[in-house]
>>> print(open('target_17.pdb').read())   # PDB, N, CA and C atoms
MODEL        1
ATOM      1  N   MET A 106      45.881  16.374  74.254
ATOM      2  CA  MET A 106      44.759  16.243  75.158
ATOM      3  C   MET A 106      43.514  16.598  74.357
ATOM      4  N   ASP A 107      42.569  15.686  74.297
ATOM      5  CA  ASP A 107      41.378  15.966  73.501
ATOM      6  C   ASP A 107      40.439  16.924  74.236
ATOM      7  N   GLY A 108      39.500  17.475  73.472
ATOM      8  CA  GLY A 108      38.585  18.471  74.007
ATOM      9  C   GLY A 108      37.739  17.957  75.164
ATOM     10  N   PHE A 109      37.333  16.701  75.105
ATOM     11  CA  PHE A 109      36.507  16.120  76.162
ATOM     12  C   PHE A 109      37.268  16.099  77.486
ATOM     13  N   VAL A 110      38.506  15.650  77.451
ATOM     14  CA  VAL A 110      39.316  15.589  78.669
ATOM     15  C   VAL A 110      39.588  16.999  79.179
ATOM     16  N   HIS A 111      39.932  17.899  78.266
ATOM     17  CA  HIS A 111      40.178  19.286  78.668
ATOM     18  C   HIS A 111      38.945  19.870  79.356
ATOM     19  N   ASN A 112      37.763  19.610  78.804
ATOM     20  CA  ASN A 112      36.531  20.131  79.409
ATOM     21  C   ASN A 112      36.284  19.528  80.784
ATOM     22  N   ARG A 113      36.634  18.265  80.967
ATOM     23  CA  ARG A 113      36.469  17.636  82.279
ATOM     24  C   ARG A 113      37.420  18.268  83.298
ATOM     25  N   ILE A 114      38.646  18.548  82.892
ATOM     26  CA  ILE A 114      39.590  19.209  83.791
ATOM     27  C   ILE A 114      39.076  20.599  84.135
ATOM     28  N   LYS A 115      38.647  21.320  83.120
ATOM     29  CA  LYS A 115      38.124  22.679  83.333
ATOM     30  C   LYS A 115      36.947  22.654  84.296
ATOM     31  N   HIS A 116      36.045  21.697  84.113
ATOM     32  CA  HIS A 116      34.880  21.583  84.992
ATOM     33  C   HIS A 116      35.325  21.304  86.431
ATOM     34  N   LEU A 117      36.295  20.426  86.621
ATOM     35  CA  LEU A 117      36.795  20.112  87.949
ATOM     36  C   LEU A 117      37.468  21.340  88.573
ATOM     37  N   VAL A 118      38.222  22.080  87.790
ATOM     38  CA  VAL A 118      38.857  23.313  88.272
ATOM     39  C   VAL A 118      37.778  24.300  88.717
ATOM     40  N   GLU A 119      36.734  24.446  87.903
ATOM     41  CA  GLU A 119      35.643  25.360  88.258
ATOM     42  C   GLU A 119      34.921  24.906  89.521
ATOM     43  N   GLU A 120      34.658  23.603  89.632
ATOM     44  CA  GLU A 120      33.979  23.072  90.824
ATOM     45  C   GLU A 120      34.800  23.295  92.083
ATOM     46  N   THR A 121      36.095  23.002  92.018
ATOM     47  CA  THR A 121      36.925  23.164  93.207
ATOM     48  C   THR A 121      37.097  24.634  93.559
ATOM     49  N   ARG A 122      37.143  25.485  92.551
ATOM     50  CA  ARG A 122      37.253  26.928  92.810
ATOM     51  C   ARG A 122      35.972  27.448  93.461
ATOM     52  N   ASP A 123      34.820  27.008  92.965
ATOM     53  CA  ASP A 123      33.548  27.421  93.567
ATOM     54  C   ASP A 123      33.439  26.932  95.007
ATOM     55  N   ALA A 124      33.825  25.680  95.250
ATOM     56  CA  ALA A 124      33.777  25.132  96.607
ATOM     57  C   ALA A 124      34.738  25.892  97.518
ATOM     58  N   TYR A 125      35.925  26.187  97.012
ATOM     59  CA  TYR A 125      36.899  26.937  97.802
ATOM     60  C   TYR A 125      36.352  28.319  98.151
ATOM     61  N   SER A 126      35.731  28.966  97.190
ATOM     62  CA  SER A 126      35.151  30.290  97.439
ATOM     63  C   SER A 126      34.063  30.217  98.506
ATOM     64  N   SER A 127      33.289  29.148  98.476
ATOM     65  CA  SER A 127      32.212  28.977  99.449
ATOM     66  C   SER A 127      32.738  28.771 100.860
ATOM     67  N   PHE A 128      33.883  28.084 100.980
ATOM     68  CA  PHE A 128      34.421  27.731 102.294
ATOM     69  C   PHE A 128      35.661  28.522 102.689
ATOM     70  N   SER A 129      36.092  29.439 101.849
ATOM     71  CA  SER A 129      37.390  30.081 102.073
ATOM     72  C   SER A 129      37.483  30.816 103.404
ATOM     73  N   GLY A 130      36.388  31.318 103.919
ATOM     74  CA  GLY A 130      36.428  31.997 105.216
ATOM     75  C   GLY A 130      36.712  31.042 106.360
ATOM     76  N   GLY A 131      36.351  29.765 106.196
ATOM     77  CA  GLY A 131      36.530  28.803 107.271
ATOM     78  C   GLY A 131      37.583  27.751 106.987
ATOM     79  N   VAL A 132      38.337  27.925 105.911
ATOM     80  CA  VAL A 132      39.353  26.942 105.539
ATOM     81  C   VAL A 132      40.722  27.593 105.647
ATOM     82  N   ASN A 133      41.611  26.959 106.380
ATOM     83  CA  ASN A 133      42.963  27.468 106.537
ATOM     84  C   ASN A 133      43.856  26.819 105.479
ATOM     85  N   ALA A 134      43.599  27.161 104.208
ATOM     86  CA  ALA A 134      44.347  26.589 103.089
ATOM     87  C   ALA A 134      44.224  27.516 101.884
ATOM     88  N   ASP A 135      45.220  27.461 101.006
ATOM     89  CA  ASP A 135      45.078  28.189  99.751
ATOM     90  C   ASP A 135      44.315  27.311  98.762
ATOM     91  N   TYR A 136      44.015  27.870  97.588
ATOM     92  CA  TYR A 136      43.233  27.117  96.609
ATOM     93  C   TYR A 136      43.928  25.818  96.215
ATOM     94  N   ALA A 137      45.225  25.862  96.024
ATOM     95  CA  ALA A 137      45.948  24.659  95.585
ATOM     96  C   ALA A 137      45.813  23.529  96.602
ATOM     97  N   GLU A 138      45.952  23.860  97.863
ATOM     98  CA  GLU A 138      45.815  22.833  98.901
ATOM     99  C   GLU A 138      44.383  22.307  98.958
ATOM    100  N   PHE A 139      43.423  23.213  98.835
ATOM    101  CA  PHE A 139      42.024  22.811  98.840
ATOM    102  C   PHE A 139      41.712  21.900  97.648
ATOM    103  N   ALA A 140      42.193  22.275  96.465
ATOM    104  CA  ALA A 140      41.937  21.486  95.257
ATOM    105  C   ALA A 140      42.573  20.108  95.338
ATOM    106  N   SER A 141      43.668  19.994  96.072
ATOM    107  CA  SER A 141      44.335  18.688  96.181
ATOM    108  C   SER A 141      43.491  17.675  96.944
ATOM    109  N   LEU A 142      42.444  18.131  97.620
ATOM    110  CA  LEU A 142      41.501  17.201  98.251
ATOM    111  C   LEU A 142      40.767  16.382  97.190
ATOM    112  N   SER A 143      40.759  16.872  95.956
ATOM    113  CA  SER A 143      40.137  16.164  94.829
ATOM    114  C   SER A 143      41.177  15.427  94.000
ATOM    115  N   LEU A 144      42.261  15.020  94.634
ATOM    116  CA  LEU A 144      43.364  14.360  93.934
ATOM    117  C   LEU A 144      42.897  13.174  93.102
ATOM    118  N   SER A 145      42.043  12.330  93.655
ATOM    119  CA  SER A 145      41.622  11.135  92.911
ATOM    120  C   SER A 145      40.885  11.516  91.631
ATOM    121  N   ALA A 146      40.103  12.577  91.667
ATOM    122  CA  ALA A 146      39.402  13.025  90.452
ATOM    123  C   ALA A 146      40.402  13.536  89.418
ATOM    124  N   PHE A 147      41.403  14.295  89.861
ATOM    125  CA  PHE A 147      42.436  14.768  88.934
ATOM    126  C   PHE A 147      43.208  13.591  88.338
ATOM    127  N   LYS A 148      43.541  12.599  89.159
ATOM    128  CA  LYS A 148      44.244  11.420  88.661
ATOM    129  C   LYS A 148      43.434  10.711  87.585
ATOM    130  N   ASP A 149      42.146  10.529  87.840
ATOM    131  CA  ASP A 149      41.276   9.843  86.879
ATOM    132  C   ASP A 149      41.175  10.608  85.569
ATOM    133  N   ILE A 150      40.908  11.883  85.667
ATOM    134  CA  ILE A 150      40.730  12.691  84.450
ATOM    135  C   ILE A 150      42.024  12.769  83.642
ATOM    136  N   LEU A 151      43.140  12.920  84.334
ATOM    137  CA  LEU A 151      44.434  13.054  83.663
ATOM    138  C   LEU A 151      45.042  11.719  83.252
ATOM    139  N   HIS A 152      44.415  10.622  83.667
ATOM    140  CA  HIS A 152      44.950   9.281  83.396
ATOM    141  C   HIS A 152      46.394   9.190  83.892
ATOM    142  N   ASN A 153      46.596   9.717  85.097
ATOM    143  CA  ASN A 153      47.928   9.759  85.685
ATOM    144  C   ASN A 153      47.851   9.240  87.123
ATOM    145  N   PRO A 154      47.888   7.912  87.304
ATOM    146  CA  PRO A 154      47.763   7.342  88.644
ATOM    147  C   PRO A 154      48.932   7.666  89.569
ATOM    148  N   ASP A 155      50.042   8.141  89.017
ATOM    149  CA  ASP A 155      51.211   8.461  89.827
ATOM    150  C   ASP A 155      51.225   9.901  90.329
ATOM    151  N   LEU A 156      50.228  10.694  89.957
ATOM    152  CA  LEU A 156      50.146  12.082  90.395
ATOM    153  C   LEU A 156      49.994  12.126  91.911
ATOM    154  N   THR A 157      50.801  12.934  92.560
ATOM    155  CA  THR A 157      50.719  13.066  94.017
ATOM    156  C   THR A 157      50.038  14.384  94.378
ATOM    157  N   ASP A 158      49.573  14.471  95.613
ATOM    158  CA  ASP A 158      48.953  15.725  96.048
ATOM    159  C   ASP A 158      49.975  16.862  96.023
ATOM    160  N   ARG A 159      51.213  16.554  96.324
ATOM    161  CA  ARG A 159      52.271  17.567  96.266
ATOM    162  C   ARG A 159      52.472  18.066  94.836
ATOM    163  N   ASP A 160      52.522  17.139  93.881
ATOM    164  CA  ASP A 160      52.671  17.524  92.472
ATOM    165  C   ASP A 160      51.491  18.371  92.009
ATOM    166  N   LEU A 161      50.289  17.982  92.402
ATOM    167  CA  LEU A 161      49.102  18.732  92.012
ATOM    168  C   LEU A 161      49.146  20.143  92.597
ATOM    169  N   ARG A 162      49.470  20.269  93.866
ATOM    170  CA  ARG A 162      49.559  21.603  94.481
ATOM    171  C   ARG A 162      50.609  22.457  93.788
ATOM    172  N   ARG A 163      51.743  21.848  93.470
ATOM    173  CA  ARG A 163      52.819  22.578  92.785
ATOM    174  C   ARG A 163      52.353  23.054  91.399
ATOM    175  N   MET A 164      51.646  22.174  90.668
ATOM    176  CA  MET A 164      51.144  22.553  89.344
ATOM    177  C   MET A 164      50.142  23.698  89.442
ATOM    178  N   ILE A 165      49.225  23.577  90.389
ATOM    179  CA  ILE A 165      48.195  24.605  90.530
ATOM    180  C   ILE A 165      48.815  25.942  90.912
ATOM    181  N   ARG A 166      49.721  25.927  91.866
ATOM    182  CA  ARG A 166      50.377  27.180  92.263
ATOM    183  C   ARG A 166      51.188  27.771  91.110
ATOM    184  N   GLY A 167      51.865  26.906  90.356
ATOM    185  CA  GLY A 167      52.609  27.386  89.188
ATOM    186  C   GLY A 167      51.689  27.972  88.142
ATOM    187  N   GLY A 168      50.553  27.325  87.909
ATOM    188  CA  GLY A 168      49.581  27.833  86.944
ATOM    189  C   GLY A 168      49.003  29.166  87.365
ATOM    190  N   MET A 169      48.706  29.297  88.650
ATOM    191  CA  MET A 169      48.152  30.560  89.148
ATOM    192  C   MET A 169      49.164  31.691  88.979
ATOM    193  N   LYS A 170      50.407  31.407  89.300
ATOM    194  CA  LYS A 170      51.465  32.418  89.160
ATOM    195  C   LYS A 170      51.680  32.781  87.694
ATOM    196  N   THR A 171      51.711  31.777  86.834
ATOM    197  CA  THR A 171      51.923  32.013  85.405
ATOM    198  C   THR A 171      50.758  32.793  84.812
ATOM    199  N   HIS A 172      49.543  32.423  85.184
ATOM    200  CA  HIS A 172      48.366  33.131  84.675
ATOM    201  C   HIS A 172      48.412  34.593  85.077
ATOM    202  N   LYS A 173      48.714  34.848  86.311
ATOM    203  CA  LYS A 173      48.761  36.223  86.821
ATOM    204  C   LYS A 173      49.840  37.039  86.109
ATOM    205  N   GLY A 174      50.991  36.419  85.858
ATOM    206  CA  GLY A 174      52.112  37.142  85.267
ATOM    207  C   GLY A 174      52.098  37.258  83.762
ATOM    208  N   LYS A 175      51.564  36.239  83.075
ATOM    209  CA  LYS A 175      51.698  36.222  81.620
ATOM    210  C   LYS A 175      50.392  36.280  80.852
ATOM    211  N   SER A 176      49.304  35.915  81.481
ATOM    212  CA  SER A 176      48.059  35.832  80.726
ATOM    213  C   SER A 176      46.847  36.225  81.576
ATOM    214  N   PRO A 177      46.923  37.365  82.273
ATOM    215  CA  PRO A 177      45.834  37.710  83.190
ATOM    216  C   PRO A 177      44.492  37.987  82.518
ATOM    217  N   ALA A 178      44.502  38.284  81.221
ATOM    218  CA  ALA A 178      43.251  38.570  80.525
ATOM    219  C   ALA A 178      42.535  37.305  80.060
ATOM    220  N   SER A 179      43.209  36.174  80.147
ATOM    221  CA  SER A 179      42.604  34.932  79.666
ATOM    222  C   SER A 179      41.634  34.372  80.703
ATOM    223  N   CYS A 180      40.794  33.464  80.259
ATOM    224  CA  CYS A 180      39.853  32.781  81.143
ATOM    225  C   CYS A 180      40.653  31.921  82.128
ATOM    226  N   TRP A 181      40.496  32.167  83.413
ATOM    227  CA  TRP A 181      41.288  31.485  84.425
ATOM    228  C   TRP A 181      41.090  29.972  84.381
ATOM    229  N   ALA A 182      39.846  29.508  84.329
ATOM    230  CA  ALA A 182      39.574  28.064  84.347
ATOM    231  C   ALA A 182      40.142  27.369  83.110
ATOM    232  N   THR A 183      39.999  27.990  81.946
ATOM    233  CA  THR A 183      40.540  27.416  80.713
ATOM    234  C   THR A 183      42.058  27.362  80.791
ATOM    235  N   PHE A 184      42.666  28.455  81.216
ATOM    236  CA  PHE A 184      44.118  28.503  81.355
ATOM    237  C   PHE A 184      44.604  27.424  82.311
ATOM    238  N   MET A 185      43.973  27.320  83.469
ATOM    239  CA  MET A 185      44.396  26.346  84.470
ATOM    240  C   MET A 185      44.231  24.917  83.957
ATOM    241  N   ALA A 186      43.143  24.635  83.255
ATOM    242  CA  ALA A 186      42.928  23.291  82.711
ATOM    243  C   ALA A 186      44.036  22.925  81.735
ATOM    244  N   LEU A 187      44.388  23.839  80.854
ATOM    245  CA  LEU A 187      45.469  23.583  79.896
ATOM    246  C   LEU A 187      46.810  23.456  80.603
ATOM    247  N   TYR A 188      47.054  24.313  81.564
ATOM    248  CA  TYR A 188      48.316  24.285  82.305
ATOM    249  C   TYR A 188      48.472  22.970  83.069
ATOM    250  N   ILE A 189      47.416  22.566  83.762
ATOM    251  CA  ILE A 189      47.459  21.313  84.528
ATOM    252  C   ILE A 189      47.656  20.125  83.590
ATOM    253  N   ALA A 190      46.899  20.081  82.505
ATOM    254  CA  ALA A 190      47.024  18.980  81.550
ATOM    255  C   ALA A 190      48.440  18.915  80.981
ATOM    256  N   HIS A 191      48.974  20.047  80.609
ATOM    257  CA  HIS A 191      50.320  20.100  80.035
ATOM    258  C   HIS A 191      51.362  19.604  81.037
ATOM    259  N   ASN A 192      51.281  20.093  82.253
ATOM    260  CA  ASN A 192      52.290  19.751  83.251
ATOM    261  C   ASN A 192      52.112  18.360  83.833
ATOM    262  N   ALA A 193      50.885  17.906  83.993
ATOM    263  CA  ALA A 193      50.653  16.575  84.561
ATOM    264  C   ALA A 193      51.094  15.475  83.617
ATOM    265  N   ASN A 194      50.998  15.736  82.332
ATOM    266  CA  ASN A 194      51.299  14.703  81.351
ATOM    267  C   ASN A 194      52.577  14.982  80.574
ATOM    268  N   ALA A 195      53.372  15.911  81.037
ATOM    269  CA  ALA A 195      54.590  16.286  80.318
ATOM    270  C   ALA A 195      55.554  15.120  80.153
ATOM    271  N   GLY A 196      55.552  14.189  81.100
ATOM    272  CA  GLY A 196      56.467  13.070  81.026
ATOM    273  C   GLY A 196      55.906  11.856  80.304
ATOM    274  N   LEU A 197      54.636  11.898  79.915
ATOM    275  CA  LEU A 197      54.033  10.746  79.255
ATOM    276  C   LEU A 197      54.355  10.752  77.772
ATOM    277  N   GLN A 198      54.432   9.587  77.183
ATOM    278  CA  GLN A 198      54.716   9.461  75.753
ATOM    279  C   GLN A 198      53.412   9.388  74.970
ATOM    280  N   GLY A 199      53.432   9.896  73.744
ATOM    281  CA  GLY A 199      52.278   9.786  72.844
ATOM    282  C   GLY A 199      51.168  10.747  73.215
ATOM    283  N   GLY A 200      50.175  10.817  72.345
ATOM    284  CA  GLY A 200      49.016  11.665  72.607
ATOM    285  C   GLY A 200      49.331  13.129  72.390
ATOM    286  N   HIS A 201      48.310  13.918  72.171
ATOM    287  CA  HIS A 201      48.459  15.351  71.977
ATOM    288  C   HIS A 201      48.530  16.037  73.325
ATOM    289  N   ARG A 202      49.491  16.926  73.451
ATOM    290  CA  ARG A 202      49.594  17.725  74.661
ATOM    291  C   ARG A 202      49.550  19.184  74.252
ATOM    292  N   SER A 203      48.941  19.998  75.077
ATOM    293  CA  SER A 203      48.907  21.428  74.828
ATOM    294  C   SER A 203      50.317  21.983  74.960
ATOM    295  N   THR A 204      50.645  22.940  74.115
ATOM    296  CA  THR A 204      51.929  23.606  74.237
ATOM    297  C   THR A 204      51.754  24.816  75.131
ATOM    298  N   LEU A 205      52.850  25.348  75.625
ATOM    299  CA  LEU A 205      52.748  26.557  76.431
ATOM    300  C   LEU A 205      52.166  27.697  75.613
ATOM    301  N   ARG A 206      52.412  27.697  74.308
ATOM    302  CA  ARG A 206      51.809  28.726  73.454
ATOM    303  C   ARG A 206      50.288  28.618  73.497
ATOM    304  N   ASP A 207      49.752  27.378  73.462
ATOM    305  CA  ASP A 207      48.298  27.175  73.581
ATOM    306  C   ASP A 207      47.798  27.733  74.908
ATOM    307  N   ILE A 208      48.556  27.487  75.955
ATOM    308  CA  ILE A 208      48.142  27.925  77.278
ATOM    309  C   ILE A 208      48.137  29.445  77.358
ATOM    310  N   TYR A 209      49.203  30.067  76.905
ATOM    311  CA  TYR A 209      49.288  31.518  76.992
ATOM    312  C   TYR A 209      48.263  32.225  76.124
ATOM    313  N   SER A 210      47.826  31.568  75.062
ATOM    314  CA  SER A 210      46.854  32.209  74.170
ATOM    315  C   SER A 210      45.415  31.817  74.475
ATOM    316  N   ALA A 211      45.175  31.060  75.537
ATOM    317  CA  ALA A 211      43.816  30.634  75.906
ATOM    318  C   ALA A 211      43.063  31.835  76.482
ATOM    319  N   ARG A 212      42.386  32.558  75.619
ATOM    320  CA  ARG A 212      41.697  33.787  76.045
ATOM    321  C   ARG A 212      40.208  33.665  75.765
ATOM    322  N   GLY A 213      39.442  34.025  76.762
ATOM    323  CA  GLY A 213      38.003  34.188  76.584
ATOM    324  C   GLY A 213      37.197  32.959  76.311
ATOM    325  N   HIS A 214      37.737  31.784  76.426
ATOM    326  CA  HIS A 214      36.979  30.560  76.117
ATOM    327  C   HIS A 214      36.426  29.932  77.391
ATOM    328  N   CYS A 215      35.724  30.702  78.172
ATOM    329  CA  CYS A 215      35.200  30.190  79.452
ATOM    330  C   CYS A 215      33.943  29.393  79.284
TER     331      CYS A 215
ENDMDL
END
>>> encode(input="target_17.pdb", output="structure tokens")
Amino acid sequence: MDGFVHNRIKHLVEETRDAYSSFSGGVNADYAEFASLSLSAFKDILHNPDLTDRDLRRMIRGGMKTHKGKSPASCWATFMALYIAHNANAGLQGGHRSTLRDIYSARGHC
């Protein structure tokens, strides 16, 4: 995943997190469900037209759990962008994909 795409994912993660924070008092949903409202943007950025809202929610929840358990000191948005990119494109052939080691070591690059 090139830096440009990673930055676009990170920006989308930050935007959806900010929007969720703004509306969280009046929204009966967790962040993953809220972020899945931007499914088409995630599909476009990830070049994955087969991504479903269920898959996206599962990835986001998995990333949040993994970040909390294994890499809480790292930048949340950077970690989530790498985690989403890695998991969304894990089944695709070719191209550079972030390794879990890259994800776990993503610290302070907000």
>>> resolve_selection(input="target_17.pdb", expression="the PyMOL selection byres (((chain A and resi 145 and name CA) around 12) and name CA)", output="list in words")
Leu117, Ala140, Ser141, Leu142, Ser143, Leu144, Ala146, Phe147, Lys148, Asp149, Ile150, Leu151, His152, Asn153, Pro154, Asp155, Leu156, Thr157, Asp158 and Leu161 of chain A
>>> closest_residue(input="target_17.pdb", among="A:Thr171, A:Asp160, A:Tyr136, A:Leu187", to="Glu120 of chain A", atoms="only C-alpha atoms")
A:Tyr136
>>> select_by_dssp(input="target_17.pdb", residues="segment 121-197 of chain A", states="alpha helix (DSSP H)", output="PyMOL selection string")
chain A and resi 121-128+136-140+144-151+158-175+181-193
>>> residues_around(input="target_17.pdb", residues="Met169 of chain A", least_positions_apart="5", cutoff="7 Å", atoms="only N, CA and C atoms", output="ChimeraX atom specification")
/A:164,174,185
>>> atom_distance(input="target_17.pdb", atom1="atom N of Ile114 of chain A", atom2="atom N of Ala193 of chain A")
12.3 Å
>>> atom_distance(input="target_17.pdb", atom1="atom CA of Ser126 of chain A", atom2="atom CA of Phe139 of chain A")
10.3 Å
>>> axis_aligned_box(input="target_17.pdb", around="segment 151-170 of chain A", padding_each_side="8 Å", output="lines of an AutoDock Vina configuration file")
center_x = 48.0
center_y = 20.1
center_z = 89.8
size_x = 25.7
size_y = 41.4
size_z = 29.1
>>> atom_distance(input="target_17.pdb", atom1="atom N of Gly131 of chain A", atom2="atom C of Val118 of chain A")
18.4 Å
>>> residues_around(input="target_17.pdb", residues="Lys115 of chain A", least_positions_apart="2", cutoff="6 Å", atoms="only C-alpha atoms", output="list in words")
Asn112, Arg113, Leu117, Val118, Ala182, Thr183 and Ala186 of chain A
>>> decode(input="target_17.pdb", residues="segment 158-175 of chain A", atoms="C-alpha atoms", output="CSV table (one decimal), in the first residue's frame")
chain,number,residue,atom,x,y,z
A,158,ASP,CA,-20.4,-2.9,5.5
A,159,ARG,CA,-20.2,-6.1,7.6
A,160,ASP,CA,-16.6,-6.7,6.6
A,161,LEU,CA,-15.7,-3.1,7.3
A,162,ARG,CA,-17.3,-3.1,10.8
A,163,ARG,CA,-15.5,-6.4,11.6
A,164,MET,CA,-12.2,-4.9,10.5
A,165,ILE,CA,-12.7,-1.7,12.4
A,166,ARG,CA,-13.7,-3.6,15.6
A,167,GLY,CA,-10.8,-6.0,15.2
A,168,GLY,CA,-8.4,-3.0,14.7
A,169,MET,CA,-9.7,-1.2,17.8
A,170,LYS,CA,-9.3,-4.4,19.9
A,171,THR,CA,-5.8,-5.1,18.6
A,172,HIS,CA,-4.7,-1.5,19.1
A,173,LYS,CA,-6.0,-1.5,22.7
A,174,GLY,CA,-4.3,-4.8,23.5
A,175,LYS,CA,-1.1,-4.7,21.6
